[in-house]
file start.cif (mmCIF, C-alpha atoms)
data_entry
loop_
_atom_site.label_atom_id
_atom_site.label_comp_id
_atom_site.auth_asym_id
_atom_site.auth_seq_id
_atom_site.Cartn_x
_atom_site.Cartn_y
_atom_site.Cartn_z
CA MET Y 845 56.94 84.23 126.43
CA ALA Y 846 60.30 85.40 125.12
CA SER Y 847 62.51 88.08 126.59
CA PHE Y 848 63.83 90.79 124.27
CA SER Y 849 64.64 94.47 123.93
CA PHE Y 850 63.66 97.12 121.40
CA LEU Y 851 64.24 100.80 120.69
CA HIS Y 852 61.45 103.37 120.43
CA ALA Y 853 62.32 106.57 118.54
CA ALA Y 854 60.29 109.26 116.80
CA ASP Y 855 60.54 112.61 115.04
CA LEU Y 856 63.92 112.13 113.38
CA HIS Y 857 63.24 115.03 110.95
CA LEU Y 858 66.13 113.94 108.76
CA ASP Y 859 67.99 116.83 107.11
CA SER Y 860 65.91 119.40 108.97
CA PRO Y 861 67.96 122.59 109.38
CA LEU Y 862 68.82 123.60 112.93
CA ILE Y 863 66.69 126.72 113.22
CA GLY Y 864 68.45 130.01 113.82
CA LEU Y 865 71.98 128.94 112.94
CA SER Y 866 72.68 129.53 109.26
CA GLY Y 867 71.85 133.23 109.22
CA ARG Y 868 73.80 134.04 112.38
CA SER Y 869 76.74 131.68 112.36
CA PRO Y 870 77.44 130.02 109.00
CA ASP Y 871 80.61 128.43 110.39
CA PHE Y 872 78.82 126.75 113.30
CA ALA Y 873 75.93 125.76 111.01
CA ALA Y 874 78.32 124.11 108.58
CA ARG Y 875 79.90 122.07 111.36
CA VAL Y 876 76.60 120.73 112.66
CA GLU Y 877 74.49 120.51 109.49
CA ASP Y 878 74.54 116.69 109.55
CA ALA Y 879 73.32 116.49 113.15
CA SER Y 880 70.13 114.57 112.33
CA ARG Y 881 72.08 112.01 110.29
CA THR Y 882 74.69 111.63 113.00
CA ALA Y 883 71.90 111.02 115.53
CA LEU Y 884 70.38 108.32 113.28
CA ASP Y 885 73.78 106.65 113.00
CA ALA Y 886 73.96 106.62 116.79
CA LEU Y 887 70.47 105.07 116.97
CA VAL Y 888 71.45 102.29 114.58
CA GLN Y 889 74.65 101.58 116.48
CA LEU Y 890 72.80 101.49 119.80
CA ALA Y 891 70.27 98.98 118.47
CA ILE Y 892 73.11 96.73 117.32
CA ASP Y 893 75.17 97.10 120.50
CA GLU Y 894 72.17 96.35 122.75
CA GLY Y 895 71.06 93.34 120.73
CA CYS Y 896 67.64 94.85 120.04
CA ARG Y 897 65.23 92.67 118.08
CA PHE Y 898 63.50 95.61 116.44
CA VAL Y 899 63.33 99.41 116.24
CA LEU Y 900 60.12 101.46 116.24
CA LEU Y 901 60.06 104.77 114.34
CA ALA Y 902 56.85 106.53 115.34
CA GLY Y 903 56.48 109.15 112.61
CA ASP Y 904 58.08 112.28 111.16
CA VAL Y 905 61.11 110.43 109.91
CA PHE Y 906 61.54 113.21 107.37
CA ASP Y 907 60.92 116.92 107.73
CA GLY Y 908 58.32 117.29 105.00
CA ASP Y 909 58.21 116.62 101.31
CA LEU Y 910 61.46 114.86 100.45
CA ARG Y 911 62.90 117.38 98.00
CA ASN Y 912 66.40 116.02 98.50
CA VAL Y 913 66.28 112.32 97.73
CA ARG Y 914 69.68 111.89 99.39
CA ALA Y 915 67.98 111.98 102.79
CA GLY Y 916 65.80 109.08 101.70
CA LEU Y 917 68.76 107.11 100.39
CA PHE Y 918 70.61 107.76 103.64
CA LEU Y 919 67.69 106.31 105.63
CA VAL Y 920 67.49 103.27 103.33
CA SER Y 921 71.20 102.57 103.78
CA ARG Y 922 71.06 102.82 107.58
CA LEU Y 923 68.01 100.58 107.89
CA ALA Y 924 69.76 98.07 105.63
CA ARG Y 925 72.61 98.04 108.14
CA LEU Y 926 70.09 96.98 110.78
CA ARG Y 927 69.01 94.14 108.49
CA GLU Y 928 72.59 92.86 108.42
CA ALA Y 929 72.46 92.76 112.23
CA GLY Y 930 69.12 90.94 112.27
CA VAL Y 931 67.16 93.94 113.58
CA GLY Y 932 63.65 94.62 112.29
CA VAL Y 933 62.26 98.11 111.72
CA TYR Y 934 58.61 99.17 112.07
CA MET Y 935 57.74 102.63 110.84
CA ILE Y 936 54.72 104.92 110.57
CA LEU Y 937 54.44 108.26 108.79
CA GLY Y 938 53.45 111.38 110.73
CA ASN Y 939 52.21 114.80 109.71
CA HIS Y 940 55.57 116.00 108.36
CA ASP Y 941 56.29 113.10 106.04
CA ALA Y 942 52.77 111.85 105.17
CA GLU Y 943 52.76 113.53 101.75
CA ASN Y 944 56.32 112.69 100.89
CA ARG Y 945 56.46 112.30 97.12
CA PHE Y 946 59.49 110.01 97.15
CA MET Y 947 58.48 107.69 99.99
CA ALA Y 948 56.81 105.19 97.66
CA LYS Y 949 59.97 105.10 95.53
CA LEU Y 950 62.35 104.27 98.36
CA ASP Y 951 63.53 100.68 98.13
CA PHE Y 952 63.66 99.59 101.76
CA SER Y 953 65.28 96.31 102.73
CA ASP Y 954 63.01 93.44 103.74
CA ASN Y 955 63.50 94.05 107.46
CA VAL Y 956 61.43 97.25 107.20
CA THR Y 957 57.65 97.33 107.70
CA LEU Y 958 56.00 100.62 106.75
CA PHE Y 959 52.44 100.70 108.05
CA SER Y 960 49.74 101.69 105.59
CA ALA Y 961 47.79 104.94 105.75
CA ARG Y 962 44.55 103.30 104.62
CA ALA Y 963 43.81 101.53 107.89
CA ALA Y 964 45.51 100.29 111.02
CA HIS Y 965 46.91 96.79 110.66
CA THR Y 966 49.00 94.32 112.64
CA ALA Y 967 52.47 92.86 112.11
CA THR Y 968 53.26 89.76 114.15
CA LEU Y 969 56.56 88.33 115.33
CA PRO Y 970 55.64 84.74 116.28
CA GLU Y 971 59.13 83.90 117.56
CA LEU Y 972 58.78 86.66 120.18
CA ASP Y 973 55.02 86.48 120.75
CA VAL Y 974 54.82 90.15 119.73
CA ALA Y 975 52.07 91.96 117.81
CA ILE Y 976 52.77 95.48 116.53
CA HIS Y 977 49.81 97.59 115.44
CA GLY Y 978 50.18 100.82 113.49
CA ARG Y 979 48.85 103.24 110.92
CA SER Y 980 50.50 106.06 108.98
CA PHE Y 981 48.98 109.49 108.45
CA PRO Y 982 47.06 109.61 105.14
CA GLN Y 983 47.76 113.35 104.85
CA ARG Y 984 49.37 116.13 106.85
CA ASP Y 985 46.31 117.45 108.68
CA VAL Y 986 44.65 114.54 110.46
CA THR Y 987 41.97 115.69 112.89
CA GLU Y 988 40.23 112.36 113.43
CA ASN Y 989 40.95 110.02 116.32
CA LEU Y 990 43.01 107.30 114.64
CA ALA Y 991 43.43 105.27 117.82
CA GLN Y 992 39.78 104.23 117.87
CA SER Y 993 40.27 102.28 114.64
CA TYR Y 994 43.17 100.18 115.93
CA PRO Y 995 42.54 96.42 116.13
CA PRO Y 996 42.02 94.66 119.47
CA PRO Y 997 45.06 93.12 121.15
CA VAL Y 998 46.24 89.71 119.98
CA ALA Y 999 45.64 87.18 122.73
CA GLY Y 1000 48.78 85.75 124.31
CA ALA Y 1001 51.07 88.32 122.67
CA PHE Y 1002 52.95 91.39 123.83
CA ASN Y 1003 50.96 94.09 122.04
CA ILE Y 1004 52.52 97.36 120.88
CA GLY Y 1005 50.60 100.26 119.35
CA MET Y 1006 52.44 102.79 117.18
CA LEU Y 1007 50.69 106.13 116.88
CA HIS Y 1008 51.62 109.65 115.82
CA THR Y 1009 49.33 111.76 117.96
CA ALA Y 1010 48.84 114.81 120.12
CA CYS Y 1011 47.44 113.21 123.26
CA ILE Y 1012 44.83 115.50 124.79
CA GLY Y 1013 46.41 117.56 127.55
CA HIS Y 1014 49.94 116.92 126.32
CA GLU Y 1015 49.96 118.87 123.05
CA GLY Y 1016 52.24 121.68 124.23
CA GLU Y 1017 53.09 123.86 121.24
CA HIS Y 1018 52.36 121.08 118.75
CA ALA Y 1019 49.37 120.91 116.42
CA ALA Y 1020 46.51 118.74 117.70
CA TYR Y 1021 46.80 116.02 115.06
CA ALA Y 1022 45.08 112.63 115.53
CA PRO Y 1023 43.93 113.57 119.05
CA CYS Y 1024 43.11 110.90 121.61
CA SER Y 1025 43.11 110.61 125.38
CA VAL Y 1026 45.60 108.71 127.48
CA GLN Y 1027 42.74 106.82 129.09
CA GLN Y 1028 41.53 105.66 125.68
CA LEU Y 1029 44.95 104.18 124.96
CA VAL Y 1030 45.13 102.58 128.40
CA ASN Y 1031 41.72 100.98 127.90
CA HIS Y 1032 42.60 99.58 124.49
CA GLY Y 1033 44.43 96.63 126.03
CA TYR Y 1034 47.91 96.98 124.55
CA ASP Y 1035 51.04 96.54 126.66
CA TYR Y 1036 52.99 99.47 125.19
CA TRP Y 1037 52.04 102.54 123.16
CA ALA Y 1038 54.93 103.89 121.08
CA LEU Y 1039 53.92 107.50 120.42
CA GLY Y 1040 55.41 110.22 118.26
CA HIS Y 1041 54.76 113.91 117.43
CA ILE Y 1042 55.59 115.60 120.75
CA HIS Y 1043 59.28 116.50 120.89
CA ASP Y 1044 59.64 116.36 124.67
CA ARG Y 1045 60.07 112.97 126.31
CA GLY Y 1046 57.05 112.05 128.38
CA LEU Y 1047 55.87 108.92 130.17
CA LEU Y 1048 52.10 109.40 130.20
CA ASN Y 1049 51.16 106.12 131.89
CA GLU Y 1050 52.72 103.00 133.39
CA ARG Y 1051 51.39 99.46 132.94
CA PRO Y 1052 50.40 99.80 130.23
CA TYR Y 1053 53.17 102.13 129.16
CA VAL Y 1054 52.24 105.14 127.07
CA LEU Y 1055 55.38 107.01 126.04
CA TYR Y 1056 56.72 109.83 123.91
CA PRO Y 1057 60.50 109.33 123.49
CA GLY Y 1058 60.96 112.94 122.32
CA ASN Y 1059 62.79 113.78 119.14
CA LEU Y 1060 66.15 112.30 118.26
CA GLN Y 1061 67.89 115.64 117.70
CA GLY Y 1062 66.87 119.06 119.02
CA ARG Y 1063 66.29 121.57 116.22
CA SER Y 1064 66.01 124.94 117.96
CA ALA Y 1065 66.38 126.74 121.28
CA ARG Y 1066 62.86 125.55 122.14
CA GLU Y 1067 64.08 121.93 122.08
CA THR Y 1068 66.65 121.90 124.84
CA GLY Y 1069 68.37 119.21 126.83
CA PRO Y 1070 69.38 115.63 126.02
CA LYS Y 1071 67.52 114.09 123.07
CA GLY Y 1072 67.43 110.48 121.99
CA ALA Y 1073 65.40 107.28 122.12
CA THR Y 1074 63.96 104.88 124.68
CA LEU Y 1075 65.43 101.41 125.19
CA VAL Y 1076 62.73 98.99 126.36
CA ARG Y 1077 63.52 95.62 127.92
CA VAL Y 1078 60.78 92.99 128.11
CA ARG Y 1079 61.00 89.84 130.20
CA ASP Y 1080 58.37 87.10 129.98
CA GLY Y 1081 55.87 89.45 128.36
CA VAL Y 1082 56.27 92.24 130.92
CA VAL Y 1083 58.17 95.52 130.53
CA GLU Y 1084 61.16 95.20 132.82
CA SER Y 1085 62.79 98.59 132.25
CA LEU Y 1086 62.69 101.81 130.23
CA GLU Y 1087 65.91 103.75 129.65
CA HIS Y 1088 66.30 107.07 127.89
CA ARG Y 1089 69.47 106.89 125.79
CA THR Y 1090 70.96 110.19 124.69
CA LEU Y 1091 71.80 110.22 120.97
CA ASP Y 1092 71.79 113.86 119.88
CA ALA Y 1093 74.83 115.17 118.04
CA VAL Y 1094 74.27 118.84 118.90
CA ARG Y 1095 72.82 120.13 122.17
CA TRP Y 1096 70.54 123.12 122.65
CA ALA Y 1097 70.29 124.89 126.00
CA HIS Y 1098 68.57 127.95 127.42
CA GLU Y 1099 70.16 129.35 130.57
CA ARG Y 1100 68.49 132.07 132.64
CA VAL Y 1101 71.19 134.09 134.36
CA ASP Y 1102 70.17 136.03 137.47
CA VAL Y 1103 72.10 139.31 137.55
CA GLY Y 1104 70.06 140.70 140.43
CA GLY Y 1105 72.08 143.16 142.47
CA ALA Y 1106 74.90 143.36 139.94
CA ALA Y 1107 76.40 146.84 140.21
CA ALA Y 1108 79.03 146.61 137.47
CA THR Y 1109 79.19 145.11 134.00
CA SER Y 1110 82.08 142.94 135.14
CA ASP Y 1111 79.72 141.25 137.64
CA VAL Y 1112 77.30 140.48 134.80
CA LEU Y 1113 80.07 139.02 132.64
CA ASP Y 1114 81.29 136.83 135.52
CA ARG Y 1115 77.81 135.36 135.91
CA LEU Y 1116 77.53 134.83 132.16
CA ARG Y 1117 80.82 132.94 132.20
CA GLU Y 1118 79.64 130.67 135.03
CA ALA Y 1119 76.40 129.90 133.16
CA MET Y 1120 78.26 129.10 129.95
CA GLU Y 1121 80.68 126.81 131.75
CA ARG Y 1122 77.80 124.89 133.39
CA ALA Y 1123 75.95 124.52 130.10
CA GLY Y 1124 79.10 123.47 128.27
CA GLU Y 1125 79.84 120.74 130.81
CA ALA Y 1126 76.24 119.48 130.64
CA ALA Y 1127 76.55 119.08 126.85
CA GLU Y 1128 79.06 116.26 127.49
CA GLY Y 1129 81.41 117.08 124.65
CA ARG Y 1130 78.78 117.94 122.06
CA PRO Y 1131 78.65 121.26 120.21
CA LEU Y 1132 76.27 123.49 122.15
CA ALA Y 1133 73.96 126.18 120.79
CA LEU Y 1134 73.23 128.31 123.85
CA ARG Y 1135 70.56 130.92 124.48
CA LEU Y 1136 71.11 133.21 127.46
CA THR Y 1137 68.46 135.33 129.16
CA LEU Y 1138 69.49 137.85 131.80
CA THR Y 1139 66.99 138.22 134.65
CA GLY Y 1140 66.72 139.97 137.98
CA GLU Y 1141 66.51 143.48 139.39
CA THR Y 1142 69.60 145.58 138.82
CA PRO Y 1143 70.55 149.26 138.57
CA LEU Y 1144 72.31 148.26 135.33
CA HIS Y 1145 68.95 147.54 133.68
CA GLY Y 1146 69.02 150.58 131.40
CA GLU Y 1147 72.73 150.32 130.63
CA LEU Y 1148 72.39 146.67 129.60
CA ALA Y 1149 69.64 147.59 127.16
CA LEU Y 1150 71.73 150.38 125.62
CA ARG Y 1151 74.86 148.21 125.41
CA ARG Y 1152 73.08 145.11 124.17
CA ALA Y 1153 75.20 144.59 121.03
CA GLU Y 1154 78.44 145.20 122.92
CA LEU Y 1155 77.32 142.84 125.69
CA ARG Y 1156 76.69 140.08 123.15
CA GLU Y 1157 80.16 140.57 121.67
CA GLU Y 1158 81.70 140.26 125.13
CA ALA Y 1159 79.67 137.10 125.79
CA GLU Y 1160 80.80 135.63 122.46
CA THR Y 1161 84.40 136.34 123.42
CA ILE Y 1162 83.87 134.42 126.66
CA ALA Y 1163 82.31 131.51 124.74
CA ALA Y 1164 85.27 131.38 122.35
CA GLY Y 1165 87.65 131.00 125.29
CA LEU Y 1166 85.86 128.05 126.90
CA SER Y 1167 87.14 124.50 126.62
CA ALA Y 1168 83.65 123.37 125.57
CA ASP Y 1169 82.34 123.98 122.03
CA VAL Y 1170 79.78 126.69 122.81
CA TRP Y 1171 78.07 129.00 120.33
CA LEU Y 1172 75.87 131.83 121.59
CA GLU Y 1173 72.57 131.52 119.74
CA LYS Y 1174 70.88 134.50 121.38
CA LEU Y 1175 71.28 136.91 124.28
CA SER Y 1176 67.99 138.23 125.69
CA LEU Y 1177 67.30 140.77 128.40
CA ALA Y 1178 64.54 140.23 130.94
CA THR Y 1179 66.01 142.35 133.72
CA ARG Y 1180 64.11 145.08 135.51
CA ALA Y 1181 65.00 148.39 137.10
CA PRO Y 1182 64.90 148.88 140.89
CA LYS Y 1183 61.38 149.10 142.25
CA ALA Y 1184 59.39 152.25 141.60
CA GLY Y 1185 59.29 153.13 145.30
CA GLU Y 1186 63.06 153.43 145.39
CA ALA Y 1187 63.14 155.73 142.36
CA ALA Y 1188 60.31 157.85 143.78
CA ALA Y 1189 62.56 158.84 146.68
CA ASP Y 1190 64.24 161.20 144.21
CA PRO Y 1191 62.12 164.40 144.40
CA THR Y 1192 63.34 165.81 141.08
CA VAL Y 1193 61.23 165.83 137.93
CA ALA Y 1194 63.56 163.23 136.44
CA GLY Y 1195 63.09 161.03 139.49
CA ARG Y 1196 59.31 161.21 139.23
CA ILE Y 1197 59.40 160.44 135.50
CA GLN Y 1198 61.71 157.51 136.13
CA ALA Y 1199 59.33 156.15 138.76
CA GLU Y 1200 56.38 156.40 136.38
CA ILE Y 1201 58.25 154.61 133.59
CA ALA Y 1202 59.41 151.85 135.94
CA ALA Y 1203 55.83 151.33 137.13
CA LEU Y 1204 54.46 151.12 133.58
CA PRO Y 1205 53.60 147.47 132.84
CA VAL Y 1206 55.18 145.91 129.78
CA GLU Y 1207 51.67 144.90 128.67
CA ALA Y 1208 50.76 148.55 128.17
CA LEU Y 1209 53.67 149.00 125.79
CA ALA Y 1210 52.79 145.73 124.05
CA GLU Y 1211 49.31 147.03 123.18
CA ARG Y 1212 50.83 149.98 121.31
CA LEU Y 1213 53.34 147.67 119.68
CA GLU Y 1214 50.62 145.52 118.10
CA ALA Y 1215 49.38 148.50 116.12
CA ARG Y 1216 52.87 149.08 114.74
CA ILE Y 1217 53.31 145.37 114.00
CA ALA Y 1218 50.16 145.40 111.89
CA GLU Y 1219 51.67 148.24 109.88
CA ILE Y 1220 55.02 146.47 109.55
CA ARG Y 1221 53.35 143.26 108.34
CA THR Y 1222 51.94 145.09 105.31
CA ARG Y 1223 55.51 145.85 104.21
CA LEU Y 1224 56.98 142.39 104.75
CA PRO Y 1225 56.74 139.43 102.36
CA ALA Y 1226 54.87 136.42 103.70
CA SER Y 1227 57.61 134.08 104.90
CA ALA Y 1228 58.80 132.18 107.95
CA ARG Y 1229 61.62 134.68 108.34
CA ALA Y 1230 59.15 137.58 108.46
CA GLU Y 1231 57.11 135.75 111.08
CA ALA Y 1232 60.26 135.19 113.13
CA LEU Y 1233 60.96 138.93 112.99
CA VAL Y 1234 57.46 139.74 114.19
CA GLU Y 1235 57.76 137.27 117.07
CA ALA Y 1236 61.11 138.78 118.06
CA LEU Y 1237 59.53 142.25 118.11
CA ARG Y 1238 56.71 141.01 120.32
CA ALA Y 1239 59.11 139.33 122.70
CA GLU Y 1240 61.71 142.05 123.10
CA ALA Y 1241 60.53 145.49 121.97
CA PRO Y 1242 58.36 146.45 124.99
CA ALA Y 1243 61.03 145.67 127.57
CA ARG Y 1244 63.76 147.31 125.50
CA ALA Y 1245 61.68 150.45 124.99
CA ARG Y 1246 61.11 150.81 128.71
CA ALA Y 1247 64.79 150.16 129.48
CA LEU Y 1248 65.85 152.78 126.94
CA ALA Y 1249 63.47 155.37 128.41
CA LEU Y 1250 64.78 154.70 131.91
CA ALA Y 1251 68.37 155.01 130.74
CA LEU Y 1252 67.70 158.30 128.94
CA VAL Y 1253 66.01 159.78 132.00
CA GLY Y 1254 68.95 158.66 134.13
CA GLU Y 1255 71.44 160.26 131.74
CA GLY Y 1256 69.46 163.51 131.73
CA ARG Y 1257 69.47 163.62 135.51
CA ASP Y 1258 73.22 162.97 135.63
CA ASP Y 1259 73.85 165.78 133.13
CA ALA Y 1260 71.80 168.19 135.25
CA LEU Y 1261 73.89 167.36 138.31
CA ARG Y 1262 77.22 167.98 136.55
#

call {"tool": "encode", "arguments": {"input": "start.cif", "output": "structure tokens"}}
result
Amino acid sequence: MASFSFLHAADLHLDSPLIGLSGRSPDFAARVEDASRTALDALVQLAIDEGCRFVLLAGDVFDGDLRNVRAGLFLVSRLARLREAGVGVYMILGNHDAENRFMAKLDFSDNVTLFSARAAHTATLPELDVAIHGRSFPQRDVTENLAQSYPPPVAGAFNIGMLHTACIGHEGEHAAYAPCSVQQLVNHGYDYWALGHIHDRGLLNERPYVLYPGNLQGRSARETGPKGATLVRVRDGVVESLEHRTLDAVRWAHERVDVGGAAATSDVLDRLREAMERAGEAAEGRPLALRLTLTGETPLHGELALRRAELREEAETIAAGLSADVWLEKLSLATRAPKAGEAAADPTVAGRIQAEIAALPVEALAERLEARIAEIRTRLPASARAEALVEALRAEAPARARALALALVGEGRDDALR
């Protein structure tokens, strides 16, 4: 059998906006708006440089209905470049691009095989002794187990299955589309399963290999770290190596900064600077959208909550002075006041109140918050932005309310002592 290499990528989400940027930092958003296209260019160049025989695109090439045909034309032009280099492309549609109105109108070059949504079928590469099996999503919401309809392996060939799926037990935050089990895929008899849909890279099984490459470009602060594709080398019909190749154009990171024991705001800012510098270096020259969460037990807990906006401005000033291209996407507080037992040592009324507030679990405040959220929802239009606001309230309001109460009690006690 022949020896060859190929690239496995998925979830390109071409022209998908990077969530959370445009409304907060139009300048940064403008600089990185072509991130998904830049990542695709890097994928194409990698396939050419590594002498890959083919590229697998395992679904969600687009980010939904292709309203802007320019994204489709961009894809067509880049896949045509692979044709010039003698690289084949095998592609399935996932939940995001299954109902794309323009897909049927795109004039792909003859090196591109787009698998049908009607049934799983097989494409063979006789010169490599390779059989590639795949099926596209017929519509967005696929709840059936598509894997069970895939054809048996071709005898004497290196068999690859392409599937957009939420493998049972590995769904994470993703919808459970086309569910199947890892064991089912293992038992099917293929040598390699090229999966898509889950945006985190994951090797679910070895020999046979069952792999999610993760998405090509992170799109929000929930999709952190290096993103890219998997380079697979096959020798004599056996997988010799798997290599994750980083291709993202913009990096997302979420750093948790422990400010435990910090007694002055300057200490907090020093720790923020260190975290930003680490994250900037890890981005390896890419623009970085950074989320920071302050954690730990500190007597500054209440002050940080009250000075939240000012603290963010100071953090943004630090980011602007770094050598790395860092933009602060969000600054969250998850600090806590000193333990209730320490506050209770103060025998004053203010001390006792402070102890009671510190001991109050955030969950208790969250229960009251839900009632207010229900009221707020009735006044908001149904939109993704409104849902984002509600989620932000759920995430931050209870802790901020408790921090504010603690700070106010502390101020009242200080006034009484003056």

call {"tool": "resolve_selection", "arguments": {"input": "start.cif", "expression": "the PyMOL selection byres ((chain Y and resi 970-981) around 6)", "output": "list in words"}}
result
Ala846, Ile936, Leu937, Gly938, Ala942, Phe959, Ser960, Ala961, Ala964, His965, Thr966, Ala967, Thr968, Leu969, Pro982, Gln983, Ala1001, Phe1002, Asn1003, Ile1004, Gly1005 and Met1006 of chain Y

call {"tool": "resolve_selection", "arguments": {"input": "start.cif", "expression": "the PyMOL selection byres ((chain Y and resi 1156) around 12)", "output": "ChimeraX atom specification"}}
result
/Y:1112-1113,1116,1135-1138,1148-1155,1157-1163,1171-1177

call {"tool": "residues_around", "arguments": {"input": "start.cif", "residues": "Val876 in chain Y", "least_positions_apart": "4", "cutoff": "9 Å", "atoms": "all atoms listed in the file", "output": "short mmCIF file (atom, residue, chain, number, x, y, z; two decimals) with C-alpha atoms, in the frame of the given file"}}
result
data_model
loop_
_atom_site.label_atom_id
_atom_site.label_comp_id
_atom_site.auth_asym_id
_atom_site.auth_seq_id
_atom_site.Cartn_x
_atom_site.Cartn_y
_atom_site.Cartn_z
CA LEU Y 862 68.82 123.60 112.93
CA ASP Y 871 80.61 128.43 110.39
CA PHE Y 872 78.82 126.75 113.30
CA SER Y 880 70.13 114.57 112.33
CA ALA Y 1093 74.83 115.17 118.04
CA VAL Y 1094 74.27 118.84 118.90
CA PRO Y 1131 78.65 121.26 120.21
#

call {"tool": "resolve_selection", "arguments": {"input": "start.cif", "expression": "the PyMOL selection byres ((chain Y and resi 1009) around 12)", "output": "PyMOL selection string"}}
result
chain Y and resi 854-855+902-904+936-939+978-981+984-991+1005-1008+1010-1015+1018-1026+1029+1037-1043+1054-1056

call {"tool": "residues_around", "arguments": {"input": "start.cif", "residues": "Leu890 in chain Y", "least_positions_apart": "6", "cutoff": "9 Å", "atoms": "all atoms listed in the file", "output": "PyMOL selection string"}}
result
chain Y and resi 851+896+1089+1091

call {"tool": "residues_around", "arguments": {"input": "start.cif", "residues": "Phe952 in chain Y", "least_positions_apart": "5", "cutoff": "8 Å", "atoms": "only C-alpha atoms", "output": "number ranges by chain"}}
result
Y: 920, 923-924

call {"tool": "atom_distance", "arguments": {"input": "start.cif", "atom1": "CA of Glu1128 in chain Y", "atom2": "CA of Asp1044 in chain Y"}}
result
19.6 Å

call {"tool": "closest_residue", "arguments": {"input": "start.cif", "among": "Y:Gly1081, Y:Ala1106, Y:Arg927, Y:Leu1166", "to": "Ala1123 in chain Y", "atoms": "all atoms listed in the file"}}
result
Y:Leu1166

call {"tool": "residues_around", "arguments": {"input": "start.cif", "residues": "Arg922 in chain Y", "least_positions_apart": "5", "cutoff": "10 Å", "atoms": "all atoms listed in the file", "output": "list in words"}}
result
Arg881, Leu884, Asp885, Leu887, Val888, Gln889, Leu917, Arg927, Phe952 and Ser953 of chain Y

call {"tool": "atom_distance", "arguments": {"input": "start.cif", "atom1": "CA of Gly895 in chain Y", "atom2": "CA of Ser847 in chain Y"}}
result
11.6 Å

call {"tool": "atom_distance", "arguments": {"input": "start.cif", "atom1": "CA of Ser993 in chain Y", "atom2": "CA of Asp1035 in chain Y"}}
result
17.1 Å

call {"tool": "closest_residue", "arguments": {"input": "start.cif", "among": "Y:Ala873, Y:Met935, Y:Leu858, Y:Val899", "to": "Arg914 in chain Y", "atoms": "all atoms listed in the file"}}
result
Y:Leu858

call {"tool": "closest_residue", "arguments": {"input": "start.cif", "among": "Y:Gly1140, Y:Pro870, Y:Pro861, Y:Gly1124", "to": "Ser1064 in chain Y", "atoms": "all atoms listed in the file"}}
result
Y:Pro861
